[in-house]
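A.B. asks: Below is query04.cif; it holds mmCIF, C-alpha atoms.
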data_start
#
loop_
_atom_site.label_atom_id
_atom_site.label_comp_id
_atom_site.auth_asym_id
_atom_site.auth_seq_id
_atom_site.Cartn_x
_atom_site.Cartn_y
_atom_site.Cartn_z
CA MET A 1 -1.85 49.21 23.58
CA ILE A 2 0.93 48.67 26.12
CA GLU A 3 -0.49 45.20 26.67
CA ALA A 4 0.00 44.38 22.98
CA ILE A 5 3.59 45.69 23.05
CA ILE A 6 4.40 43.30 25.90
CA PHE A 7 2.23 40.39 24.78
CA TYR A 8 3.37 39.76 21.20
CA PRO A 9 7.16 39.64 21.77
CA THR A 10 6.71 37.57 24.94
CA ALA A 11 4.38 35.13 23.20
CA ALA A 12 6.82 34.81 20.28
CA VAL A 13 9.70 34.10 22.66
CA ILE A 14 7.60 31.51 24.54
CA VAL A 15 6.68 29.67 21.33
CA VAL A 16 10.27 29.69 20.01
CA PHE A 17 11.75 28.59 23.33
CA SER A 18 9.22 25.81 23.84
CA LEU A 19 9.96 24.57 20.31
CA MET A 20 13.64 24.55 21.23
CA VAL A 21 12.87 22.56 24.41
CA VAL A 22 11.25 19.89 22.28
CA LEU A 23 13.60 19.92 19.29
CA HIS A 24 17.05 20.54 20.76
CA LYS A 25 19.42 17.61 20.73
CA SER A 26 21.08 18.20 24.09
CA PRO A 27 18.88 17.75 27.20
CA MET A 28 20.98 20.36 29.01
CA ARG A 29 20.09 23.02 26.43
CA SER A 30 16.47 21.84 26.54
CA ALA A 31 16.42 22.45 30.28
CA MET A 32 17.83 25.96 29.82
CA PHE A 33 15.19 26.73 27.19
CA LEU A 34 12.54 25.33 29.55
CA LEU A 35 13.78 27.80 32.15
CA GLY A 36 13.37 30.62 29.62
CA THR A 37 9.89 29.48 28.62
CA LEU A 38 8.68 29.33 32.22
CA PHE A 39 10.26 32.70 33.01
CA PHE A 40 8.51 34.43 30.13
CA MET A 41 5.29 32.62 31.00
CA ALA A 42 5.52 34.44 34.35
CA PHE A 43 5.50 37.71 32.34
CA ILE A 44 2.24 36.62 30.73
CA PHE A 45 0.77 35.79 34.15
CA ALA A 46 1.76 39.23 35.44
CA LEU A 47 0.14 40.74 32.35
CA LEU A 48 -3.09 38.92 33.29
CA SER A 49 -2.86 40.62 36.72
CA ALA A 50 -2.08 37.32 38.44
CA HIS A 51 0.81 38.73 40.47
CA PHE A 52 0.98 35.93 43.03
CA VAL A 53 0.90 33.18 40.39
CA ALA A 54 3.69 34.95 38.47
CA VAL A 55 5.92 35.10 41.55
CA ILE A 56 5.21 31.47 42.46
CA GLN A 57 5.92 30.46 38.86
CA ILE A 58 9.44 31.94 39.01
CA LEU A 59 10.09 30.63 42.54
CA VAL A 60 8.86 27.07 42.08
CA TYR A 61 9.67 26.41 38.45
CA ALA A 62 12.88 28.37 37.92
CA GLY A 63 14.14 27.97 41.47
CA GLY A 64 13.02 24.42 42.10
CA ILE A 65 11.98 22.23 39.20
CA VAL A 66 14.50 23.32 36.56
CA VAL A 67 17.38 23.12 39.05
CA LEU A 68 16.25 19.60 39.98
CA ILE A 69 16.16 18.62 36.29
CA LEU A 70 19.59 20.17 35.69
CA PHE A 71 21.12 18.24 38.58
CA SER A 72 19.70 14.94 37.41
CA ILE A 73 21.01 15.61 33.88
CA MET A 74 24.43 16.06 35.46
CA LEU A 75 24.00 12.79 37.40
CA LEU A 76 23.13 10.79 34.30
CA ASN A 77 25.45 10.09 31.42
CA ILE A 78 23.26 10.89 28.44
CA LYS A 79 25.86 11.21 25.72
CA LYS A 80 24.59 7.96 24.20
CA ASP A 81 21.06 9.34 23.82
CA GLU A 82 22.38 12.41 22.04
CA ILE A 83 24.01 10.14 19.47
CA ASN A 84 20.75 8.22 19.04
CA TYR A 85 18.83 11.47 18.44
CA GLU A 86 17.36 11.72 14.98
CA ARG A 87 15.80 14.95 13.85
CA ILE A 88 13.47 13.44 11.29
CA SER A 89 12.00 9.97 11.61
CA ASN A 90 8.94 8.23 10.21
CA GLY A 91 6.97 8.72 13.41
CA ARG A 92 7.57 12.46 13.42
CA PHE A 93 5.22 13.32 10.58
CA VAL A 94 2.37 11.35 12.12
CA THR A 95 3.07 13.01 15.46
CA LEU A 96 3.23 16.43 13.85
CA LEU A 97 -0.16 15.76 12.29
CA THR A 98 -1.55 14.56 15.63
CA SER A 99 -0.35 17.54 17.63
CA GLY A 100 -1.44 19.91 14.87
CA LEU A 101 -4.90 18.36 15.04
CA LEU A 102 -4.80 18.70 18.84
CA PHE A 103 -4.03 22.41 18.47
CA ILE A 104 -6.86 22.91 15.99
CA ILE A 105 -9.35 21.13 18.26
CA LEU A 106 -8.22 23.17 21.27
CA ALA A 107 -8.40 26.42 19.32
CA VAL A 108 -11.90 25.65 18.00
CA VAL A 109 -13.11 24.72 21.49
CA PHE A 110 -11.63 27.90 22.98
CA LEU A 111 -13.09 30.10 20.25
CA THR A 112 -16.57 28.62 20.57
CA ILE A 113 -16.59 28.48 24.38
CA TYR A 114 -15.43 32.06 24.89
CA SER A 115 -18.27 34.51 25.33
CA GLY A 116 -16.16 37.62 24.71
CA SER A 117 -17.42 39.78 27.55
CA PRO A 118 -14.69 40.28 30.17
CA ALA A 119 -15.89 40.86 33.72
CA GLU A 120 -15.14 44.01 35.70
CA LEU A 121 -12.15 43.33 37.95
CA PRO A 122 -12.02 44.42 41.61
CA ALA A 123 -9.04 46.58 42.53
CA GLU A 124 -7.42 43.89 44.65
CA PHE A 125 -7.69 41.20 41.95
CA GLY A 126 -4.83 38.71 42.04
CA THR A 127 -2.88 40.25 44.90
CA ILE A 128 -1.18 38.00 47.43
CA ARG A 129 -3.56 39.09 50.19
CA GLU A 130 -6.72 38.18 48.26
CA VAL A 131 -5.38 34.92 46.79
CA GLY A 132 -4.03 33.84 50.19
CA LYS A 133 -7.36 34.62 51.86
CA LEU A 134 -9.20 32.55 49.28
CA MET A 135 -6.73 29.70 49.61
CA ILE A 136 -7.22 29.23 53.34
CA THR A 137 -11.01 29.70 53.30
CA ASN A 138 -12.76 28.24 50.26
CA TYR A 139 -9.92 25.96 49.16
CA LEU A 140 -8.65 24.86 52.58
CA PHE A 141 -9.32 21.17 51.98
CA ALA A 142 -7.44 21.14 48.67
CA PHE A 143 -4.60 23.02 50.34
CA GLU A 144 -4.28 20.38 53.08
CA ALA A 145 -4.59 17.55 50.57
CA ILE A 146 -1.75 19.06 48.52
CA SER A 147 0.46 19.27 51.60
CA LEU A 148 -0.15 15.54 52.18
CA LEU A 149 0.82 14.88 48.55
CA VAL A 150 4.08 16.82 48.98
CA ILE A 151 5.06 14.71 52.00
CA ALA A 152 4.11 11.49 50.22
CA SER A 153 6.18 12.36 47.13
CA LEU A 154 9.14 13.39 49.32
CA VAL A 155 9.09 10.01 51.06
CA ALA A 156 8.60 8.22 47.73
CA ALA A 157 11.58 9.97 46.11
CA VAL A 158 13.85 9.10 49.06
CA VAL A 159 12.68 5.47 49.18
CA LEU A 160 13.12 5.03 45.43
CA VAL A 161 16.73 6.19 45.40
CA ARG A 162 17.78 4.83 48.83
CA GLY A 163 17.83 1.18 47.72
CA LEU A 164 20.32 2.07 45.01
CA ILE A 165 22.68 3.71 47.47
CA TYR A 166 22.76 0.59 49.66
CA LYS A 167 23.29 -1.56 46.61
CA SER A 168 26.24 0.47 45.37
CA GLN A 169 27.82 0.44 48.87
CA GLU A 170 27.57 -3.36 48.97
CA GLY A 171 29.18 -3.46 45.55
CA ASP A 172 32.13 -1.42 46.87
CA ASP A 173 32.71 -3.77 49.83
CA SER A 174 32.93 -6.97 47.81
CA MET B 175 -6.25 45.05 21.73
CA ILE B 176 -5.32 41.80 23.47
CA THR B 177 -8.34 39.71 24.43
CA THR B 178 -8.66 36.49 26.37
CA THR B 179 -8.68 34.62 23.05
CA HIS B 180 -5.05 35.61 22.41
CA TYR B 181 -3.97 34.05 25.69
CA LEU B 182 -6.02 30.93 25.05
CA ILE B 183 -4.49 30.48 21.59
CA LEU B 184 -1.00 30.88 23.08
CA ALA B 185 -1.87 28.21 25.66
CA ALA B 186 -3.12 25.90 22.89
CA VAL B 187 0.13 26.39 20.92
CA VAL B 188 2.32 25.63 23.94
CA PHE B 189 0.17 22.61 24.83
CA ALA B 190 0.43 21.22 21.29
CA ILE B 191 4.23 21.72 21.29
CA GLY B 192 4.46 19.91 24.63
CA ALA B 193 2.34 17.04 23.32
CA PHE B 194 4.57 16.85 20.24
CA GLY B 195 7.60 16.60 22.52
CA VAL B 196 6.11 13.84 24.65
CA LEU B 197 5.19 11.86 21.56
CA THR B 198 8.43 12.24 19.59
CA ARG B 199 11.31 12.44 22.05
CA ARG B 200 12.82 9.20 23.29
CA ASN B 201 14.77 10.67 26.19
CA LEU B 202 12.87 10.35 29.46
CA LEU B 203 14.17 13.67 30.81
CA VAL B 204 13.05 15.62 27.76
CA MET B 205 9.66 13.88 27.91
CA LEU B 206 9.33 15.09 31.51
CA MET B 207 10.21 18.63 30.42
CA SER B 208 7.54 18.47 27.69
CA VAL B 209 5.00 17.40 30.30
CA GLU B 210 5.99 20.50 32.28
CA LEU B 211 5.27 22.62 29.19
CA MET B 212 1.80 21.07 28.90
CA LEU B 213 1.06 21.69 32.58
CA ASN B 214 2.13 25.30 32.17
CA ALA B 215 -0.18 25.76 29.20
CA ALA B 216 -3.04 24.48 31.37
CA ASN B 217 -2.04 27.03 34.01
CA LEU B 218 -2.22 29.77 31.41
CA THR B 219 -5.79 28.85 30.47
CA PHE B 220 -6.75 28.87 34.16
CA VAL B 221 -5.32 32.35 34.68
CA ALA B 222 -6.77 33.70 31.44
CA PHE B 223 -10.26 32.49 32.34
CA ALA B 224 -9.82 33.79 35.90
CA LYS B 225 -9.31 37.28 34.53
CA ASP B 226 -12.12 36.89 32.03
CA LEU B 227 -14.66 35.74 34.63
CA GLY B 228 -13.35 37.92 37.46
CA ASP B 229 -13.06 34.84 39.68
CA MET B 230 -9.86 34.29 41.65
CA GLY B 231 -10.43 30.53 41.95
CA GLY B 232 -8.49 30.40 38.70
CA HIS B 233 -5.44 31.72 40.55
CA ILE B 234 -5.59 29.06 43.27
CA PHE B 235 -5.51 26.10 40.92
CA PRO B 236 -2.31 27.06 39.03
CA ILE B 237 -0.58 27.14 42.42
CA PHE B 238 -1.88 23.65 43.20
CA ILE B 239 -0.88 22.46 39.72
CA MET B 240 2.64 23.81 40.27
CA THR B 241 2.83 21.90 43.56
CA VAL B 242 1.68 18.72 41.84
CA ALA B 243 4.22 19.37 39.06
CA ALA B 244 7.01 19.73 41.63
CA CYS B 245 5.99 16.42 43.26
CA GLU B 246 5.76 14.77 39.86
CA VAL B 247 9.24 15.95 38.90
CA ALA B 248 10.73 14.79 42.21
CA VAL B 249 9.26 11.28 41.94
CA GLY B 250 9.79 11.15 38.17
CA LEU B 251 13.46 12.02 38.44
CA ALA B 252 13.92 9.43 41.20
CA ILE B 253 12.39 6.82 38.90
CA ILE B 254 14.52 7.97 35.95
CA ILE B 255 17.70 7.75 38.04
CA THR B 256 16.69 4.26 39.24
CA ILE B 257 16.05 3.16 35.65
CA PHE B 258 19.35 4.63 34.55
CA ARG B 259 21.27 2.78 37.28
CA LEU B 260 19.53 -0.49 36.41
CA GLY B 261 19.63 -0.32 32.64
CA ASP B 262 22.26 2.36 31.88
CA THR B 263 19.87 4.19 29.57
CA SER B 264 17.31 6.97 29.58
CA ASP B 265 15.93 6.05 26.17
CA VAL B 266 12.33 4.80 26.32
CA LEU B 267 12.89 2.33 23.46
CA ASP B 268 15.60 0.54 25.49
CA LEU B 269 13.34 0.03 28.49
CA THR B 270 12.53 -3.62 27.88
CA PHE B 271 14.06 -5.24 30.94
CA MET B 272 10.68 -5.78 32.56
CA LYS B 273 10.09 -8.75 30.22
CA ASP B 274 13.35 -10.38 31.41
CA ILE B 275 11.96 -10.79 34.93
CA LYS B 276 11.31 -14.48 35.54
CA SER B 277 8.08 -15.28 37.33
CA GLY B 278 8.31 -17.52 40.40
#
In structure tokens, write the structure found in this file.
C.D. replies:
Amino acid sequence: MIEAIIFYPTAAVIVVFSLMVVLHKSPMRSAMFLLGTLFFMAFIFALLSAHFVAVIQILVYAGGIVVLILFSIMLLNIKKDEINYERISNGRFVTLLTSGLLFIILAVVFLTIYSGSPAELPAEFGTIREVGKLMITNYLFAFEAISLLVIASLVAAVVLVRGLIYKSQEGDDS
Amino acid sequence: MITTTHYLILAAVVFAIGAFGVLTRRNLLVMLMSVELMLNAANLTFVAFAKDLGDMGGHIFPIFIMTVAACEVAVGLAIIITIFRLGDTSDVLDLTFMKDIKSG
């Protein structure tokens, strides 16, 4: 009962906010709505007794990714794109049909695949201790591979933007 | 009574909205945000099935997906900023300057 009281309003807010992310004209507002969506998604994770995932969701997404997106919106001058924005275009109806079809297919697959008999959960399910233990035993290789990916993307991001900085400095000298 | 199906349907809705955003929006930044929505919907299915099956492997993978998403955003934003400096646009329909490159 208490689960339903939390689930339905949170789900409604998530759907509305994610629609606003997609439909809002200003990318800045879209980013703020994205922040809201991800924050309320953390509620849903907590409701599913995935405490660690909920905390990481708020830390990484709200604290890291959305801030990164906000800063790059501030770096770019996107006024021109806001003017180009059109709410209704020819492509939109086709796309609406496509994504509606995608939703129907997903829903049908989920409804047929789901057996409907939830397993008994151990008391420690989803706590940081248990998830951490699992991460450095069964999933150790994936964990190390991910850390390699993080370093690679860090280097890639720096290399991609560094050339531009040199170029703009040369432009200032001449 | 909230069952796993409710969570899965919510994930499907958010995924479809994200796909709609990727397909319709012309701004690269908003497309990236829509991709984030889709990734998050995938995370939700992982966590929902983890609870349903009583297997915590479904909690490990969302964490990995979030890490991959963070890497993707870092590199993606670097590319978007590079494109913006080169072409003064973040509109995907204006990104045609690859065909201006002369070969040889």
A.B. asks: Using the chain letters and numbers from this file, what does the PyMOL selection byres ((chain B) within 6 of (chain A)) select? Give the answer as a list in words.
C.D. replies: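 Listing what the PyMOL selection byres ((chain B) within 6 of (chain A)) selects in the shown file: Ile176, Ala186, Ala190, Phe194, Gly195, Asp226, Leu227, Gly228, Cys245, Val249 and Ala252 of chain B.
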A.B. asks: For atom CA of Met205 of chain B and atom CA of Thr256 of chain B, quote the distance in Å rounded to one decimal.
C.D. replies: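 So the two atoms, atom CA of Met205 of chain B and atom CA of Thr256 of chain B, lie 16.4 Å apart.
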A.B. asks: What does the distance between atom CA of Leu218 of chain B and atom CA of Thr241 of chain B come to in Å, to one decimal place?
C.D. replies: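 If I compute the distance from atom CA of Leu218 of chain B to atom CA of Thr241 of chain B, I get 15.3 Å.
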A.B. asks: Tell me, in Å to one decimal, how far atom CA of Ile257 of chain B is from atom CA of Leu148 of chain A.
C.D. replies: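 Rounded to one decimal, the two atoms are 26.2 Å apart.
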A.B. asks: Write out as a ChimeraX atom specification each polymer residue whose atoms come within 6 Å of Met212 of chain B, counting all atoms listed in the file; drop sequence neighbours fewer than 3 positions from it.
C.D. replies: /B:189,192,209,215
A.B. asks: From the set B:Ala248, B:Met175, B:Leu203, B:Ile183, which residue has the shortest atom-to-atom contact distance to Asp265 of chain B, counting only C-alpha atoms?
C.D. replies: B:Leu203
A.B. asks: Starting from the PyMOL selection byres ((chain B and resi 222) around 9), expand the selection into actual residues of this file and give them as a list of chain:residue names.
C.D. replies: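 With the shown file as input, the PyMOL selection byres ((chain B and resi 222) around 9) matches A:Phe45, A:Leu48, B:Thr178, B:Thr179, B:Tyr181, B:Leu182, B:Asn217, B:Leu218, B:Thr219, B:Phe220, B:Val221, B:Phe223, B:Ala224, B:Lys225, B:Asp226, B:Leu227, B:Gly232.
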A.B. asks: Could you give me, as a ChimeraX atom specification, the residues that have an atom at most 12 Å away from the point (11.5, 4.2, 23.4) in the coordinates of the file, using only C-alpha atoms?
C.D. replies: /A:81,84-85,91 /B:196-202,205,263-270
A.B. asks: Write to file, as a short mmCIF file (atom, residue, chain, number, x, y, z; two decimals), in the frame of the given file, the residues of the selection just made, with C-alpha atoms.
C.D. replies:
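Dumped to result.cif:
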data_model
loop_
_atom_site.label_atom_id
_atom_site.label_comp_id
_atom_site.auth_asym_id
_atom_site.auth_seq_id
_atom_site.Cartn_x
_atom_site.Cartn_y
_atom_site.Cartn_z
CA ASP A 81 21.06 9.34 23.82
CA ASN A 84 20.75 8.22 19.04
CA TYR A 85 18.83 11.47 18.44
CA GLY A 91 6.97 8.72 13.41
CA VAL B 196 6.11 13.84 24.65
CA LEU B 197 5.19 11.86 21.56
CA THR B 198 8.43 12.24 19.59
CA ARG B 199 11.31 12.44 22.05
CA ARG B 200 12.82 9.20 23.29
CA ASN B 201 14.77 10.67 26.19
CA LEU B 202 12.87 10.35 29.46
CA MET B 205 9.66 13.88 27.91
CA THR B 263 19.87 4.19 29.57
CA SER B 264 17.31 6.97 29.58
CA ASP B 265 15.93 6.05 26.17
CA VAL B 266 12.33 4.80 26.32
CA LEU B 267 12.89 2.33 23.46
CA ASP B 268 15.60 0.54 25.49
CA LEU B 269 13.34 0.03 28.49
CA THR B 270 12.53 -3.62 27.88
#
